[in-house]
Amino acid sequence: MTRVLGVLGLLIALYAALILSNPSAGKADNLIDVANIQGRYGLITIGAALVIIVGGIDLSIGSVVGCAAVLFGVLMEGGIPPVGAVLLTLLFGLFVGLANGLLITQLKLQPFLVTLCGMFIYRGVARLLGGTVSRTRALEEHPEFADALRQVRYVLVGKDATGELIFPAQFLLLLLAALVIGYILHRTAYGRYWYAIGYNDQAARYAGIAVDRYRIVVYVLCSFLAALAGVLLLLDMPSVQSDSGGLGLELYAILGAVLGGCSLRGGEGTAVGMVLGAMVLPVLENLVSFRGLKSDVIPAVIGLTLLLGTMLDEWIRRRSHPRP
Amino acid sequence: MNFTMSTPRLEVSGIRKQFPGVLALDGVSLQVAAGEVLAVVGENGAGKSTLMKIIAGLYPPDQGTIRLDGQPVHFASPADAMAAGISLIHQELNLAENLSVQDNLFLGRELTWGGRLRLLQTSAMHERGAALLQQVGLPADRLGQRVEYLSPGEKQLVEIARALSLQTRVLIMDEPTSSLTHKETERLYEVIRSLKQAGVSVLYISHRLAEVQRCADRVAVLRDGRNAGELRGADIQHDQMVRLMVGRDLKQYYPRQHRRAPSGPVVLRLDHFRYHGGPDHAVSLEVRAGEVLGMAGLVGAGRTELAEAVFGIRPWRSGQVWLNGQPLRIRHPRDAIAAGMALIPEDRRHHGLVLEAAVGFNLSLPNLDRLSGLLGIRRRQERRWQQEWIERLRIRTPSADQCTALLSGGNQQKIVYGKWLARQPRLLILDEPTRGVDVGAKAEIYALMDELAGQGVAIWMISSDMEELLGMSDRIVVMHEGRVAGELLRDQLSEEAVMQLATGGMAASAHSLPRDAAAPANASGAPASS
């Protein structure tokens, strides 16, 4: 439990600062808006965290998000009904994860390199598919999709036809995913195996664990969640550009995972921590915009705050876990 | 040779060192004169390595003094000790494998010019490096080679060369020959002789008593963290050393109660077995139910590799493996475990345990299939089960949640036993079953092995500890350079016979012996050694 105290403290401080900064910032509308974004970040953070737990890294997340969003739009423009397009896009995510996992486990390539290449490849694929995709253009070409798309959008991101956010569906999706992943991680043998592989894959192998298979599963999960985040992105936003959609999200996801208690050395992390870690960044962005700061300072403020957060976390960890 | 002991080069007295749960040293004293070779012998866990680490500044002693040329010294770090002229060559060599020999020789003490710029004087280092290598009998062309491509013997010599470059006056060698070939060992002796002539004092730790007999001027014997006696000159005899080292009835220490002739059904049979990356020789052997098959051989003889291959860690190449009469194909340790095998690996820290995780985590790891239900792990049952095994194996830990790394070596090893015994294996492969384990835990592990053999478990025990091999085995297979060099039955077991075969010699009677002809009916419980 001490592992999540640091990020919990940071989160409470940020929410307090947000609510005090501006009367309208503390209103339910704004908080739900933030929660919606937190949900999307959270999904990819879970993916990144799982990969980190088994001792790997996935740098292709952001590109997969962008590529999936563009693919989703292009599929609908091409006449695939929304539900089918969602499923095909998720299938694309599974395929990407399988490719990453096989390259890393079977060809014994380094995860950093494989996924760095993936980052370029899937960004490139997104650009080849098209420059900008938007829901309105898909509907212009296929007006018969309007009903289905509205329903999909309501279920997955909680926005009605007018674009009003009714409920934070993405956050509920995150909670659902965290519940499932948390159960696997903390209550089943598979989770134990993931931790064992991350701590010491040799010992895991000597204990009869199919190390490669479990690693592949984790990369597949990670890319699947990234593709899901891509679908959500296009459903949430009016349009997505192939060269900027999801750009840099892999770093946000990794940061969220580390803030949430994952060690980049592998073997550590909890589902609760992942959710809390993912919640930090959207609150911070919201806070910066409410303070009326110029958007130019956002990256610096984010970097400094997160650095502070990791320092706080490390300090708490050292105090609670004295190691010889 | 005559050593004046008036002011010894190095004198340690009354050294005491307590580790959590173990009193490693209890008032040990030693003296070494300049140009003297002092062998320090004792069983595993007698405190030899700890004492050497204290002398070399790796651990501070709790009590006692160290004097160098009569002056009391206190080392806060190995660097202090090195500056004073004391170098320790570890059992596990401490070279940077990815760097060249030359880089290693000068690591941290590079010859440089240009002041703070620290530009390397490559040619000067090459010159000095060549001279250093010459002193240990290595050709100068080794300087540019990456250390990982050297043989274990060459690495050892590089370590010695590095120590020489430090103006070492006291050189400590911890099991220097454990991974050397016969030829390399001879070369090491030559180097030691020349060091002696140069006035360097050598502390030589070894289990190989024959070697000690050859190269030591004097032998100090340690037992259970105390001085057990000293031998010099003509008194340095094998039996004398063993008597001082053991200091108790071997029969009691190696409690084989259930010893029987190898007559049970064959559990594991290797028939012309070969694996990828292994030697071209095919290996054939059998392990029977209820027997302890000892496997002897020098390090590098391919014993660990063979066991790992059978267990599915290395891919198979040819031959046939039978388990309980069934032909078997193993591609992954998973298959071996499903077939009823368990392997307790040599390298506990890397292969046997997840050190960072809790004791319970490690116990459960290969048993989660049995502790899980439809809804995942049954946590209450798991905790009860973990507690049961902690008690059954007398693992000394405050709780199942304790971090494994914080336990002593013996208790860690017991966790490895626990996690596998819970699966009730029919074949138990033990690779160095008591390495780095204190004397108390060792006796418990031996008793456990005996009990398992009594229950009909087939035990294949790989060991480099001669006393352990002779004390525990019903039969010994000796490996040499990847092949079975010979097999020794109960009444043929002796240290000499094993060493003959292990070093490539022929034990005339053993090799050609038909397997079942001379199986002695549960002969004497007494081990054949000493």
# chains A, B, ... in the order shown; residues from 1 in each chain; ligands from 1
>>> select_by_dssp(residues="range 71-248 of chain B", states="strand (DSSP E or B)", output="ChimeraX atom specification")
/B:71-73,86-89,100,112-113,119-120,146,170-174,201-205,218-223,226-232
>>> closest_atom_pairs(of="chain A", to="chain B", cutoff="8 Å", atoms="only C-alpha atoms", output="Markdown table")
| residue | atom | partner | partner_atom | distance |
| --- | --- | --- | --- | --- |
| A:Ile184 | CA | B:Gly376 | CA | 7.9 |
| A:Arg187 | CA | B:Gly376 | CA | 5.5 |
| A:Thr188 | CA | B:Gly376 | CA | 4.2 |
| A:Ala189 | CA | B:Leu368 | CA | 5.8 |
| A:Arg192 | CA | B:Leu365 | CA | 7.4 |
| A:Tyr193 | CA | B:Leu365 | CA | 7.6 |
| A:Ala196 | CA | B:Val354 | CA | 6.7 |
| A:Tyr199 | CA | B:Val354 | CA | 6.5 |
| A:Asn200 | CA | B:Val354 | CA | 5.8 |
| A:Gln202 | CA | B:His351 | CA | 5.4 |
| A:Ala203 | CA | B:His351 | CA | 4.1 |
| A:Ala204 | CA | B:His351 | CA | 7.8 |
| A:Arg205 | CA | B:Pro333 | CA | 7.0 |
| A:Tyr206 | CA | B:His351 | CA | 6.2 |
| A:Ala207 | CA | B:Pro366 | CA | 5.5 |
| A:Gly208 | CA | B:Arg334 | CA | 4.1 |
| A:Ile209 | CA | B:Arg334 | CA | 6.4 |
| A:Ala210 | CA | B:Arg334 | CA | 7.2 |
>>> closest_residue(among="A:Leu259, A:Leu139, A:Leu232, A:Ile57", to="Gly79 in chain A", atoms="only C-alpha atoms")
A:Leu139
>>> atom_distance(atom1="CA of Ser134 in chain A", atom2="CA of Arg150 in chain A")
13.9 Å
>>> select_by_dssp(residues="range 291-513 of chain B", states="alpha helix (DSSP H)", output="VMD selection string")
chain B and resid 303 to 310 333 to 338 359 to 364 368 to 371 379 to 392 409 to 421 439 to 454 466 to 472 495 to 502 508 to 511
>>> atom_distance(atom1="CA of Pro315 in chain B", atom2="CA of His276 in chain B")
5.6 Å
>>> residues_around(residues="Ile302 in chain A", least_positions_apart="2", cutoff="12 Å", atoms="only C-alpha atoms", output="PDB file with N, CA and C atoms, in the first residue's frame")
ATOM      1  N   LEU A  14      -2.934  18.078  -6.239  1.00  0.00           N
ATOM      2  CA  LEU A  14      -3.285  18.669  -7.530  1.00  0.00           C
ATOM      3  C   LEU A  14      -4.773  19.006  -7.600  1.00  0.00           C
ATOM      4  N   TYR A 252       3.726   9.637 -21.910  1.00  0.00           N
ATOM      5  CA  TYR A 252       2.741   9.893 -20.866  1.00  0.00           C
ATOM      6  C   TYR A 252       2.388   8.591 -20.162  1.00  0.00           C
ATOM      7  N   LEU A 255       5.225   7.390 -17.985  1.00  0.00           N
ATOM      8  CA  LEU A 255       5.288   8.242 -16.793  1.00  0.00           C
ATOM      9  C   LEU A 255       4.200   7.870 -15.799  1.00  0.00           C
ATOM     10  N   VAL A 280      -2.880  11.617 -12.858  1.00  0.00           N
ATOM     11  CA  VAL A 280      -2.118  12.814 -12.513  1.00  0.00           C
ATOM     12  C   VAL A 280      -2.043  13.814 -13.662  1.00  0.00           C
ATOM     13  N   LEU A 281      -1.637  13.326 -14.817  1.00  0.00           N
ATOM     14  CA  LEU A 281      -1.319  14.224 -15.919  1.00  0.00           C
ATOM     15  C   LEU A 281      -2.509  15.070 -16.399  1.00  0.00           C
ATOM     16  N   PRO A 282      -3.687  14.464 -16.631  1.00  0.00           N
ATOM     17  CA  PRO A 282      -4.823  15.277 -17.072  1.00  0.00           C
ATOM     18  C   PRO A 282      -5.192  16.359 -16.062  1.00  0.00           C
ATOM     19  N   VAL A 283      -5.131  16.053 -14.768  1.00  0.00           N
ATOM     20  CA  VAL A 283      -5.447  17.075 -13.754  1.00  0.00           C
ATOM     21  C   VAL A 283      -4.450  18.214 -13.875  1.00  0.00           C
ATOM     22  N   LEU A 284      -3.203  17.847 -14.053  1.00  0.00           N
ATOM     23  CA  LEU A 284      -2.154  18.852 -14.132  1.00  0.00           C
ATOM     24  C   LEU A 284      -2.370  19.760 -15.348  1.00  0.00           C
ATOM     25  N   GLU A 285      -2.682  19.165 -16.467  1.00  0.00           N
ATOM     26  CA  GLU A 285      -2.933  19.956 -17.688  1.00  0.00           C
ATOM     27  C   GLU A 285      -4.104  20.892 -17.483  1.00  0.00           C
ATOM     28  N   ASN A 286      -5.145  20.367 -16.859  1.00  0.00           N
ATOM     29  CA  ASN A 286      -6.335  21.159 -16.593  1.00  0.00           C
ATOM     30  C   ASN A 286      -6.010  22.330 -15.676  1.00  0.00           C
ATOM     31  N   LEU A 287      -5.205  22.033 -14.658  1.00  0.00           N
ATOM     32  CA  LEU A 287      -4.806  23.058 -13.698  1.00  0.00           C
ATOM     33  C   LEU A 287      -4.030  24.166 -14.392  1.00  0.00           C
ATOM     34  N   VAL A 288      -3.091  23.768 -15.247  1.00  0.00           N
ATOM     35  CA  VAL A 288      -2.280  24.762 -15.950  1.00  0.00           C
ATOM     36  C   VAL A 288      -3.160  25.672 -16.790  1.00  0.00           C
ATOM     37  N   SER A 289      -4.141  25.087 -17.469  1.00  0.00           N
ATOM     38  CA  SER A 289      -4.975  25.929 -18.323  1.00  0.00           C
ATOM     39  C   SER A 289      -5.875  26.827 -17.483  1.00  0.00           C
ATOM     40  N   SER A 295       0.193  28.326 -23.074  1.00  0.00           N
ATOM     41  CA  SER A 295       0.369  26.911 -23.395  1.00  0.00           C
ATOM     42  C   SER A 295       1.849  26.561 -23.564  1.00  0.00           C
ATOM     43  N   ASP A 296       2.680  27.592 -23.811  1.00  0.00           N
ATOM     44  CA  ASP A 296       4.112  27.336 -23.972  1.00  0.00           C
ATOM     45  C   ASP A 296       4.743  26.760 -22.699  1.00  0.00           C
ATOM     46  N   VAL A 297       4.213  27.137 -21.547  1.00  0.00           N
ATOM     47  CA  VAL A 297       4.858  26.693 -20.312  1.00  0.00           C
ATOM     48  C   VAL A 297       4.382  25.308 -19.885  1.00  0.00           C
ATOM     49  N   ILE A 298       3.348  24.795 -20.551  1.00  0.00           N
ATOM     50  CA  ILE A 298       2.772  23.516 -20.109  1.00  0.00           C
ATOM     51  C   ILE A 298       3.821  22.403 -19.997  1.00  0.00           C
ATOM     52  N   PRO A 299       4.642  22.182 -21.048  1.00  0.00           N
ATOM     53  CA  PRO A 299       5.602  21.072 -20.926  1.00  0.00           C
ATOM     54  C   PRO A 299       6.534  21.225 -19.733  1.00  0.00           C
ATOM     55  N   ALA A 300       7.027  22.436 -19.508  1.00  0.00           N
ATOM     56  CA  ALA A 300       7.956  22.644 -18.395  1.00  0.00           C
ATOM     57  C   ALA A 300       7.274  22.383 -17.057  1.00  0.00           C
ATOM     58  N   LEU A 304       8.368  19.445 -14.421  1.00  0.00           N
ATOM     59  CA  LEU A 304       8.798  19.749 -13.057  1.00  0.00           C
ATOM     60  C   LEU A 304       7.895  19.081 -12.026  1.00  0.00           C
ATOM     61  N   THR A 305       6.597  19.149 -12.250  1.00  0.00           N
ATOM     62  CA  THR A 305       5.685  18.557 -11.288  1.00  0.00           C
ATOM     63  C   THR A 305       5.896  17.051 -11.176  1.00  0.00           C
ATOM     64  N   LEU A 306       6.077  16.432 -12.341  1.00  0.00           N
ATOM     65  CA  LEU A 306       6.266  14.980 -12.311  1.00  0.00           C
ATOM     66  C   LEU A 306       7.579  14.611 -11.634  1.00  0.00           C
ATOM     67  N   LEU A 307       8.595  15.423 -11.876  1.00  0.00           N
ATOM     68  CA  LEU A 307       9.868  15.175 -11.219  1.00  0.00           C
ATOM     69  C   LEU A 307       9.700  15.246  -9.704  1.00  0.00           C
ATOM     70  N   LEU A 308       8.948  16.257  -9.289  1.00  0.00           N
ATOM     71  CA  LEU A 308       8.660  16.419  -7.866  1.00  0.00           C
ATOM     72  C   LEU A 308       7.921  15.193  -7.331  1.00  0.00           C
ATOM     73  N   GLY A 309       6.956  14.759  -8.128  1.00  0.00           N
ATOM     74  CA  GLY A 309       6.159  13.593  -7.733  1.00  0.00           C
ATOM     75  C   GLY A 309       7.016  12.353  -7.568  1.00  0.00           C
TER      76      GLY A 309
END
>>> residues_around(residues="Leu132 in chain B", least_positions_apart="2", cutoff="10 Å", atoms="only C-alpha atoms", output="count of residues only")
19
